[in-house]
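Everything below belongs to model-v3.txt, which stores compact mmCIF, C-alpha atoms.
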```txt
# COMPACT_ATOMS: atom_id res chain seq x y z
CA MET N 1 148.20 59.44 76.79
CA LYS N 2 145.58 58.64 74.18
CA ASN N 3 142.01 57.64 74.94
CA LEU N 4 139.98 54.74 73.54
CA LEU N 5 136.34 54.98 74.56
CA ILE N 6 133.83 52.13 74.36
CA LEU N 7 130.13 52.90 74.66
CA GLY N 8 128.20 49.91 75.98
CA ALA N 9 129.31 47.04 78.21
CA GLY N 10 127.06 44.36 76.76
CA THR N 11 128.42 41.37 74.86
CA ALA N 12 130.28 43.33 72.17
CA GLY N 13 131.65 46.12 74.36
CA THR N 14 132.87 43.79 77.09
CA MET N 15 134.66 41.57 74.57
CA MET N 16 136.37 44.59 73.04
CA ALA N 17 137.53 45.85 76.45
CA ASN N 18 139.06 42.47 77.26
CA GLN N 19 140.70 41.97 73.89
CA LEU N 20 142.14 45.47 73.57
CA ARG N 21 143.43 45.88 77.13
CA SER N 22 145.95 43.11 76.54
CA LYS N 23 147.06 44.59 73.20
CA LEU N 24 147.27 48.34 73.82
CA LYS N 25 150.20 49.58 75.91
CA LYS N 26 148.96 50.87 79.25
CA ASP N 27 151.42 53.77 79.28
CA GLN N 28 150.12 54.94 75.90
CA TRP N 29 146.40 54.17 75.89
CA GLN N 30 143.70 54.75 78.49
CA ILE N 31 140.64 52.54 77.85
CA THR N 32 137.28 53.65 79.23
CA ILE N 33 134.02 51.76 78.94
CA VAL N 34 130.69 53.40 79.70
CA ASP N 35 127.47 51.55 80.37
CA GLN N 36 124.06 52.79 81.39
CA ASN N 37 123.11 49.59 83.25
CA LYS N 38 124.71 47.80 86.20
CA THR N 39 123.42 44.38 85.18
CA HIS N 40 124.83 42.29 82.35
CA TYR N 41 122.24 39.97 80.82
CA TYR N 42 122.80 36.71 78.99
CA GLN N 43 120.22 37.57 76.37
CA PRO N 44 120.01 34.10 74.74
CA GLY N 45 118.71 32.94 78.12
CA PHE N 46 115.58 35.08 77.77
CA LEU N 47 114.29 32.40 75.38
CA PHE N 48 114.46 29.77 78.13
CA LEU N 49 113.29 31.84 81.09
CA PRO N 50 109.55 31.72 80.21
CA PHE N 51 109.64 27.91 80.16
CA ASP N 52 111.44 27.52 83.52
CA ILE N 53 114.48 26.04 81.77
CA TYR N 54 116.69 28.81 83.17
CA THR N 55 116.36 30.74 86.42
CA GLU N 56 116.82 34.47 86.93
CA ASP N 57 120.34 34.01 88.35
CA GLN N 58 121.47 32.13 85.25
CA VAL N 59 120.74 35.01 82.88
CA LYS N 60 122.09 38.02 84.78
CA LYS N 61 125.24 39.04 86.61
CA VAL N 62 126.90 42.26 87.74
CA GLY N 63 128.45 43.73 84.60
CA LYS N 64 131.51 45.27 86.24
CA LYS N 65 132.98 41.88 87.19
CA PHE N 66 133.67 41.15 83.50
CA ILE N 67 135.60 44.37 82.86
CA PRO N 68 139.37 43.72 83.02
CA ASN N 69 141.77 45.45 85.37
CA GLY N 70 143.27 48.52 83.75
CA VAL N 71 140.01 49.56 82.07
CA ASN N 72 138.17 52.54 83.52
CA TYR N 73 134.53 51.50 84.06
CA VAL N 74 131.93 54.27 84.13
CA GLN N 75 128.32 53.46 84.98
CA LYS N 76 126.39 56.51 83.78
CA LYS N 77 123.78 57.51 81.25
CA ILE N 78 125.10 58.51 77.83
CA ASP N 79 123.58 61.76 76.65
CA ARG N 80 125.12 62.44 73.24
CA ILE N 81 128.06 61.73 70.95
CA PHE N 82 129.78 64.67 69.26
CA PRO N 83 131.83 62.90 66.56
CA GLU N 84 133.09 66.12 64.96
CA GLU N 85 134.57 67.15 68.33
CA ASN N 86 135.74 63.67 69.40
CA LYS N 87 133.83 63.73 72.66
CA VAL N 88 130.89 62.07 74.40
CA LYS N 89 128.65 63.86 76.88
CA LEU N 90 127.46 61.78 79.80
CA GLU N 91 124.85 62.80 82.35
CA ASP N 92 127.31 64.90 84.34
CA GLU N 93 130.67 64.87 82.54
CA THR N 94 132.26 64.87 79.10
CA ILE N 95 134.85 62.34 77.91
CA ASN N 96 137.20 63.03 75.02
CA TYR N 97 138.45 60.23 72.80
CA ASP N 98 140.96 59.48 70.08
CA ILE N 99 139.15 56.31 69.03
CA LEU N 100 135.50 55.53 69.73
CA ILE N 101 133.84 52.10 69.65
CA ILE N 102 130.04 52.16 69.60
CA ALA N 103 128.60 49.00 71.15
CA THR N 104 125.28 50.38 72.36
CA GLY N 105 123.26 47.42 71.07
CA SER N 106 119.59 47.45 70.18
CA LYS N 107 116.31 47.44 72.08
CA ILE N 108 112.66 46.68 71.51
CA ALA N 109 110.31 49.54 70.63
CA PRO N 110 106.73 48.30 71.18
CA GLU N 111 105.51 51.89 71.06
CA GLU N 112 106.15 51.83 67.30
CA VAL N 113 102.97 49.77 66.78
CA GLU N 114 99.65 51.27 67.81
CA GLY N 115 98.25 49.54 70.88
CA MET N 116 101.13 47.12 71.38
CA LYS N 117 102.36 48.73 74.57
CA GLY N 118 98.79 49.31 75.72
CA LYS N 119 96.83 48.43 78.82
CA ASN N 120 97.49 44.70 78.40
CA TRP N 121 101.27 44.97 78.07
CA HIS N 122 102.77 42.18 80.19
CA LYS N 123 99.24 41.00 81.04
CA ASN N 124 98.23 39.09 77.93
CA VAL N 125 100.61 40.82 75.49
CA PHE N 126 104.24 39.93 76.15
CA ASP N 127 107.74 40.20 74.77
CA PHE N 128 110.59 37.88 75.71
CA TYR N 129 113.38 40.07 74.34
CA THR N 130 113.79 41.83 77.69
CA TYR N 131 114.46 40.37 81.12
CA GLU N 132 111.30 41.96 82.47
CA GLY N 133 109.20 40.62 79.60
CA ALA N 134 110.57 37.09 79.78
CA LEU N 135 110.07 36.97 83.54
CA ALA N 136 106.49 38.27 83.34
CA LEU N 137 105.73 35.73 80.61
CA ARG N 138 107.15 32.91 82.73
CA ASN N 139 104.83 33.85 85.57
CA LYS N 140 101.88 33.99 83.17
CA LEU N 141 102.60 30.59 81.60
CA ARG N 142 102.86 28.84 84.95
CA ASP N 143 99.12 29.31 85.50
CA TRP N 144 97.80 29.75 81.95
CA GLN N 145 94.98 27.34 81.19
CA GLY N 146 95.26 27.42 77.41
CA GLY N 147 93.64 29.07 74.43
CA LYS N 148 94.98 30.82 71.35
CA MET N 149 98.69 31.62 71.63
CA VAL N 150 100.05 33.80 68.84
CA VAL N 151 103.81 34.19 68.37
CA HIS N 152 104.27 37.31 66.29
CA LEU N 153 107.17 39.03 64.54
CA THR N 154 106.71 42.74 63.77
CA GLU N 155 109.54 43.42 61.30
CA MET N 156 113.18 42.73 60.53
CA PRO N 157 115.93 43.21 61.56
CA ILE N 158 115.72 41.76 65.06
CA LYS N 159 118.15 40.33 67.57
CA CYS N 160 118.60 36.62 66.87
CA PRO N 161 116.27 36.17 63.87
CA VAL N 162 115.50 32.53 64.71
CA ALA N 163 114.42 33.18 68.32
CA PRO N 164 110.70 33.73 67.50
CA LEU N 165 110.54 30.32 65.82
CA GLU N 166 112.47 28.76 68.68
CA PHE N 167 109.90 30.18 71.08
CA ALA N 168 107.06 28.56 69.12
CA PHE N 169 108.85 25.20 69.07
CA LEU N 170 109.64 25.35 72.79
CA ALA N 171 106.06 26.35 73.55
CA ASP N 172 104.84 23.24 71.73
CA SER N 173 107.19 21.10 73.83
CA TYR N 174 106.32 22.93 77.06
CA PHE N 175 102.59 22.44 76.70
CA LYS N 176 103.05 18.77 75.77
CA GLU N 177 105.06 18.25 78.95
CA LYS N 178 102.27 19.90 80.95
CA GLY N 179 99.71 17.62 79.31
CA MET N 180 97.76 20.52 77.82
CA ARG N 181 98.95 20.77 74.21
CA ASP N 182 95.44 19.93 73.03
CA LYS N 183 94.20 23.02 74.85
CA VAL N 184 96.55 25.39 73.02
CA GLU N 185 96.17 26.61 69.43
CA LEU N 186 99.61 27.82 68.35
CA THR N 187 99.97 30.29 65.48
CA TYR N 188 103.16 31.84 64.11
CA VAL N 189 102.65 35.23 62.42
CA THR N 190 105.39 36.84 60.32
CA PRO N 191 105.70 39.75 57.86
CA LEU N 192 107.96 37.56 55.72
CA SER N 193 106.89 35.25 52.92
CA GLY N 194 107.86 32.20 54.98
CA ALA N 195 108.69 31.12 58.50
CA PHE N 196 112.44 31.00 57.89
CA THR N 197 114.50 33.97 56.77
CA LYS N 198 116.91 31.83 54.70
CA GLU N 199 115.64 29.95 51.61
CA LYS N 200 117.72 26.82 52.22
CA SER N 201 116.54 26.65 55.82
CA ALA N 202 112.94 26.95 54.66
CA GLU N 203 113.39 24.05 52.24
CA THR N 204 115.04 21.81 54.82
CA LEU N 205 113.09 22.72 57.94
CA GLY N 206 109.64 23.55 56.69
CA TYR N 207 108.32 20.27 58.06
CA LEU N 208 108.77 21.40 61.66
CA LEU N 209 105.73 23.69 61.77
CA GLU N 210 103.47 21.08 60.19
CA GLU N 211 104.83 18.33 62.41
CA LYS N 212 104.16 20.36 65.54
CA LYS N 213 100.74 21.54 64.35
CA ILE N 214 101.73 25.21 64.45
CA ASN N 215 99.61 27.40 62.19
CA LEU N 216 101.47 29.82 59.91
CA GLU N 217 100.31 33.29 58.86
CA ILE N 218 102.72 34.96 56.41
CA ASP N 219 102.97 38.42 54.80
CA PHE N 220 101.37 39.99 57.87
CA ALA N 221 102.40 43.66 58.16
CA ILE N 222 100.98 44.66 61.52
CA GLU N 223 99.19 47.98 61.83
CA SER N 224 97.82 47.73 65.37
CA VAL N 225 97.02 45.64 68.40
CA ASP N 226 93.33 45.70 69.40
CA ASN N 227 93.44 45.35 73.18
CA GLU N 228 89.65 45.40 73.54
CA ASN N 229 89.02 42.44 71.23
CA ASN N 230 92.37 40.64 71.62
CA LYS N 231 93.46 40.62 67.99
CA ILE N 232 96.24 41.95 65.80
CA ILE N 233 95.38 43.73 62.57
CA ASP N 234 97.54 44.22 59.50
CA TYR N 235 97.45 47.05 56.95
CA GLY N 236 95.47 44.95 54.52
CA GLY N 237 92.73 44.32 57.05
CA LYS N 238 93.68 40.76 58.00
CA GLU N 239 93.05 39.90 61.65
CA VAL N 240 94.47 37.24 63.95
CA GLU N 241 92.77 36.61 67.28
CA TYR N 242 94.68 35.67 70.42
CA ASP N 243 94.21 34.91 74.08
CA LEU N 244 97.94 35.27 74.67
CA LEU N 245 100.13 37.30 72.33
CA VAL N 246 103.90 36.83 72.39
CA THR N 247 105.29 39.52 70.13
CA ILE N 248 108.70 40.59 68.94
CA PRO N 249 108.36 44.36 68.56
CA THR N 250 110.36 46.57 66.22
CA ASN N 251 114.06 46.48 67.17
CA MET N 252 115.92 49.80 67.15
CA GLY N 253 119.33 51.12 68.04
CA ASP N 254 119.86 53.06 71.24
CA ASP N 255 118.28 56.49 71.60
CA VAL N 256 121.71 58.08 72.00
CA ILE N 257 122.38 57.31 68.33
CA GLU N 258 119.28 59.29 67.33
CA ARG N 259 120.16 62.18 69.64
CA SER N 260 123.64 62.25 68.11
CA GLY N 261 122.36 62.22 64.52
CA MET N 262 124.53 59.22 63.67
CA GLY N 263 121.99 56.57 62.71
CA ASP N 264 119.53 55.48 60.05
CA ASP N 265 115.74 55.39 60.46
CA LEU N 266 116.05 52.60 63.06
CA ASN N 267 118.99 54.24 64.87
CA PHE N 268 121.56 51.74 63.56
CA VAL N 269 124.93 53.25 62.68
CA PRO N 270 126.01 53.09 58.99
CA THR N 271 129.03 50.80 59.12
CA ASP N 272 131.47 49.37 56.60
CA HIS N 273 130.39 45.74 56.22
CA HIS N 274 133.91 44.35 56.23
CA THR N 275 136.09 46.72 58.32
CA LEU N 276 133.44 47.76 60.91
CA GLN N 277 134.54 51.37 60.61
CA SER N 278 131.86 54.05 60.67
CA LYS N 279 131.06 55.21 57.16
CA ASP N 280 130.95 58.83 58.34
CA HIS N 281 133.77 59.17 60.90
CA GLU N 282 137.11 57.45 60.43
CA ASN N 283 138.03 57.24 64.14
CA VAL N 284 134.65 55.72 65.05
CA PHE N 285 134.07 51.96 64.88
CA VAL N 286 130.84 50.04 65.44
CA ILE N 287 130.19 46.49 66.59
CA GLY N 288 127.34 44.13 67.39
CA ASP N 289 123.69 45.07 67.26
CA ALA N 290 124.50 48.79 66.91
CA THR N 291 125.67 48.35 63.30
CA ASP N 292 123.58 48.39 60.15
CA VAL N 293 125.57 45.54 58.55
CA PRO N 294 123.34 42.88 56.91
CA ALA N 295 124.40 40.15 59.32
CA SER N 296 122.39 38.54 62.10
CA LYS N 297 122.13 40.57 65.28
CA ALA N 298 123.40 37.73 67.44
CA GLY N 299 126.14 37.09 69.97
CA SER N 300 128.11 34.88 67.60
CA VAL N 301 128.29 37.71 65.07
CA ALA N 302 129.56 40.14 67.71
CA HIS N 303 132.15 37.54 68.68
CA PHE N 304 133.45 37.15 65.12
CA GLN N 305 133.31 40.91 64.56
CA SER N 306 135.35 41.55 67.71
CA GLU N 307 138.33 39.64 66.36
CA THR N 308 138.42 41.61 63.12
CA LEU N 309 137.74 44.88 64.91
CA THR N 310 140.55 44.31 67.41
CA ASP N 311 142.99 43.89 64.54
CA ASN N 312 141.62 46.98 62.79
CA ILE N 313 141.88 49.16 65.90
CA LEU N 314 145.55 48.23 66.15
CA LEU N 315 146.07 48.94 62.44
CA TYR N 316 144.22 52.25 62.62
CA LYS N 317 146.25 53.59 65.55
CA ASP N 318 149.42 52.86 63.57
CA GLY N 319 148.09 54.55 60.43
CA LYS N 320 147.94 51.32 58.42
CA PRO N 321 145.19 50.14 56.02
CA LEU N 322 142.33 48.28 57.66
CA LYS N 323 141.47 44.65 57.02
CA GLU N 324 138.39 44.29 54.83
CA GLU N 325 137.86 40.94 56.42
CA PHE N 326 134.56 40.42 58.26
CA ASP N 327 132.37 38.20 56.06
CA GLY N 328 129.11 38.31 58.02
CA HIS N 329 129.87 34.99 59.69
CA ALA N 330 127.15 33.74 62.01
CA ASN N 331 126.31 30.43 63.57
CA CYS N 332 123.57 29.54 65.97
CA PHE N 333 121.74 26.65 67.50
CA ILE N 334 118.00 26.57 66.84
CA GLU N 335 115.94 24.93 69.56
CA THR N 336 113.25 22.72 68.00
CA GLY N 337 111.70 21.42 71.22
CA ASP N 338 111.65 17.92 72.73
CA ASN N 339 115.27 18.42 73.86
CA LYS N 340 116.51 18.75 70.29
CA ALA N 341 118.15 21.54 68.32
CA LEU N 342 119.81 22.09 64.98
CA LEU N 343 122.80 24.20 64.00
CA ILE N 344 123.25 26.66 61.15
CA ASP N 345 126.45 28.33 59.93
CA PHE N 346 126.43 31.03 57.25
CA ASN N 347 127.72 34.45 56.17
CA TYR N 348 126.85 37.37 53.88
CA LYS N 349 127.03 35.27 50.72
CA GLN N 350 126.53 31.67 51.84
CA GLU N 351 123.16 30.44 53.10
CA PRO N 352 123.00 27.65 55.70
CA VAL N 353 123.77 24.23 54.24
CA GLU N 354 123.96 20.67 55.50
CA GLY N 355 127.23 19.21 56.71
CA THR N 356 129.32 18.89 59.84
CA PHE N 357 130.79 21.47 62.23
CA PRO N 358 133.45 22.49 63.10
CA PHE N 359 135.34 19.62 61.41
CA SER N 360 134.65 17.79 58.18
CA VAL N 361 133.56 14.16 58.54
CA ILE N 362 133.88 13.92 62.34
CA GLY N 363 131.84 17.03 63.18
CA PRO N 364 130.80 16.28 65.87
CA LEU N 365 127.92 18.73 65.29
CA LYS N 366 125.50 18.27 62.39
CA LEU N 367 124.32 21.25 60.34
CA LEU N 368 120.60 21.60 59.55
CA LYS N 369 119.87 18.33 61.36
CA GLU N 370 117.95 17.96 64.59
CA SER N 371 119.80 16.23 67.40
CA VAL N 372 119.95 16.02 71.18
CA PHE N 373 123.68 16.77 70.89
CA ASN N 374 122.93 20.16 69.33
CA HIS N 375 120.47 20.90 72.14
CA TRP N 376 123.09 20.28 74.78
CA GLY N 377 125.52 22.34 72.73
CA LYS N 378 123.18 25.32 72.99
CA LEU N 379 122.75 24.88 76.74
CA ALA N 380 126.52 24.50 77.19
CA PHE N 381 127.10 27.80 75.42
CA ARG N 382 125.93 29.67 78.54
CA TRP N 383 129.07 28.48 80.37
CA ILE N 384 131.23 29.41 77.39
CA TYR N 385 129.63 32.86 77.29
CA TRP N 386 130.28 33.76 80.93
CA ASN N 387 133.71 32.12 81.21
CA MET N 388 135.33 32.52 77.79
CA LEU N 389 133.54 34.72 75.26
CA LEU N 390 133.09 37.82 77.44
CA LYS N 391 136.66 37.55 78.70
CA GLY N 392 138.08 37.52 75.19
CA ILE N 393 139.38 33.95 75.46
CA PRO N 394 139.52 32.34 71.99
CA ILE N 395 137.00 29.55 71.40
CA PRO N 396 138.92 26.61 69.88
CA PHE N 397 138.21 25.47 66.32
CA VAL N 398 135.72 28.25 65.54
CA GLY N 399 137.26 30.85 63.21
CA ARG N 400 136.14 34.42 62.71
CA ASN N 401 135.37 33.76 59.03
CA MET N 402 133.10 30.98 57.84
CA SER N 403 134.91 27.80 56.89
CA THR N 404 133.75 25.63 53.98
CA LYS N 405 135.10 22.47 55.61
CA GLY N 406 132.45 19.82 56.18
CA LYS N 407 129.77 21.75 54.31
CA LYS N 408 127.79 20.42 51.37
CA LEU N 409 128.06 23.54 49.26
```

For this file, write the structure as structure tokens.
Amino acid sequence: MKNLLILGAGTAGTMMANQLRSKLKKDQWQITIVDQNKTHYYQPGFLFLPFDIYTEDQVKKVGKKFIPNGVNYVQKKIDRIFPEENKVKLEDETINYDILIIATGSKIAPEEVEGMKGKNWHKNVFDFYTYEGALALRNKLRDWQGGKMVVHLTEMPIKCPVAPLEFAFLADSYFKEKGMRDKVELTYVTPLSGAFTKEKSAETLGYLLEEKKINLEIDFAIESVDNENNKIIDYGGKEVEYDLLVTIPTNMGDDVIERSGMGDDLNFVPTDHHTLQSKDHENVFVIGDATDVPASKAGSVAHFQSETLTDNILLYKDGKPLKEEFDGHANCFIETGDNKALLIDFNYKQEPVEGTFPFSVIGPLKLLKESVFNHWGKLAFRWIYWNMLLKGIPIPFVGRNMSTKGKKL
């Protein structure tokens, strides 16, 4: 009996467990998945939780219920990976493997910036990239009387690169609905040279910040958070004052990657961009936010990666060449507030463009165009996530690689 071991039962790990269990013969392969947390979070929902659009129960469930029968589920802390010995040490046992899939994700590291995780953490300095942070921010916003709100991005890469902008747009809408938009000065602060990470998106969507009266501060490389005077300071001496700071801290891979000596400076695992095989260990594969591939760290990317990786695991076990197939495909809805959203679809080489999705002409979704239909598409994805995506059920009409159909290239 051979052993396939998956580290992490988040989005990527759970999908891999479901897809591989149906394809690997049970009398030949034992599949084990290890996770350090009992709760599975719908992380896109953290964006909505602060604005009372989603409730706590809509963004979290017991993780074990999504693991298929025939997969050994272990809920323990992961101490270290020993890739040269083909084994993983847990808190109180060691598991050997023939094939390892690393799906340990990424996490925020506010301690990387001086003062960020200081005395005001989750008091007037918040994140929304964790369940605890989003919930604390929701409670704060319910009673907040207004002032200077700063939405701040520390550095790239981050999970879901558009989420900080979405938060700013939703905040604008939220305060308008509460009749207090005139009491809130909204500022978006980024280390990039523009609000959007993709040039085409910046050209097409730049009007949104101006339209919503959101101030923009670019090229801001944060050095510290001054908790005494409520301001953030960059290395060049620039300062931005706040009454309420919503920050996206540095994102890093899991600590187990650092302990195992398998990652880069941010604990992301060097991974072949197209096969998803570890660059250093041939029987180790990496998926989702744990990789260093230059694709968005988003659920859609993990979904498209999982299909290629499933094929490559089957090829690898049979000693066949791997598919150099994954093209960095990502698509995501961007909430723009006022019950509207837009959709982008892109990959390693192709920036977002206008057009229709998933079909040419009929769409029905429009690319790089605001619409109520796109907004409801984003909200509907929560059902798809819990009932299809995690369970490895194919999503109709959405291929693993980016299609050019309907796009104005």

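Distance cut-off 7 Å, centre (102.6, 32.3, 77.0), atoms counted all atoms listed in the file; the residues meeting this are Leu137, Lys140, Leu141, Met149, Leu244 and Val246 of chain N.
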
Using all atoms listed in the file, can you tell me which of N:Pro249, N:Gly337, N:Pro164, N:Gly288 comes closest to Ile53 in chain N?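 Selected residue with least distance to Ile53 in chain N: N:Gly337.
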
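Remark: for Asn229 in chain N, the closest of the candidate residues N:Glu185, N:Thr291, N:Leu7, N:Asn124 is N:Asn124 (distances computed over all atoms listed in the file).
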
Proximity to Asn96 in chain N - best of N:Asn72, N:Ser173, N:Asn3, N:Thr14, all atoms listed in the file: N:Asn3

Close residues, Ser296 in chain N itself excluded, 9 Å, only C-alpha atoms, min 2 positions apart in chain, as a PyMOL selection string: chain N and resi 157-161+289+293-294+298-301+328-330+347

Could you turn the residues from that selection into a file that holds C-alpha atoms, as a CSV table (one decimal), in the coordinates of the input?
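Now in part.csv:
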```csv
chain,number,residue,atom,x,y,z
N,157,PRO,CA,115.9,43.2,61.6
N,158,ILE,CA,115.7,41.8,65.1
N,159,LYS,CA,118.2,40.3,67.6
N,160,CYS,CA,118.6,36.6,66.9
N,161,PRO,CA,116.3,36.2,63.9
N,289,ASP,CA,123.7,45.1,67.3
N,293,VAL,CA,125.6,45.5,58.6
N,294,PRO,CA,123.3,42.9,56.9
N,298,ALA,CA,123.4,37.7,67.4
N,299,GLY,CA,126.1,37.1,70.0
N,300,SER,CA,128.1,34.9,67.6
N,301,VAL,CA,128.3,37.7,65.1
N,328,GLY,CA,129.1,38.3,58.0
N,329,HIS,CA,129.9,35.0,59.7
N,330,ALA,CA,127.2,33.7,62.0
N,347,ASN,CA,127.7,34.4,56.2
```

Please indicate the distance in Å from CA of Lys323 in chain N to CA of Asp272 in chain N, rounded to one decimal place.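 Atom-to-atom, CA of Lys323 in chain N and CA of Asp272 in chain N are spaced 11.1 Å apart.
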
Selection: 10 Å around Arg259 in chain N, only C-alpha atoms, excl. self and same-chain fewer than 2 positions, as number ranges by chain: N: 79-82, 254-257, 261-263, 267

Taking all atoms listed in the file into account, which of N:Gln43, N:Thr336, N:Asn387, N:Asn401 comes nearest Glu132 in chain N?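 Closest candidate: N:Gln43.
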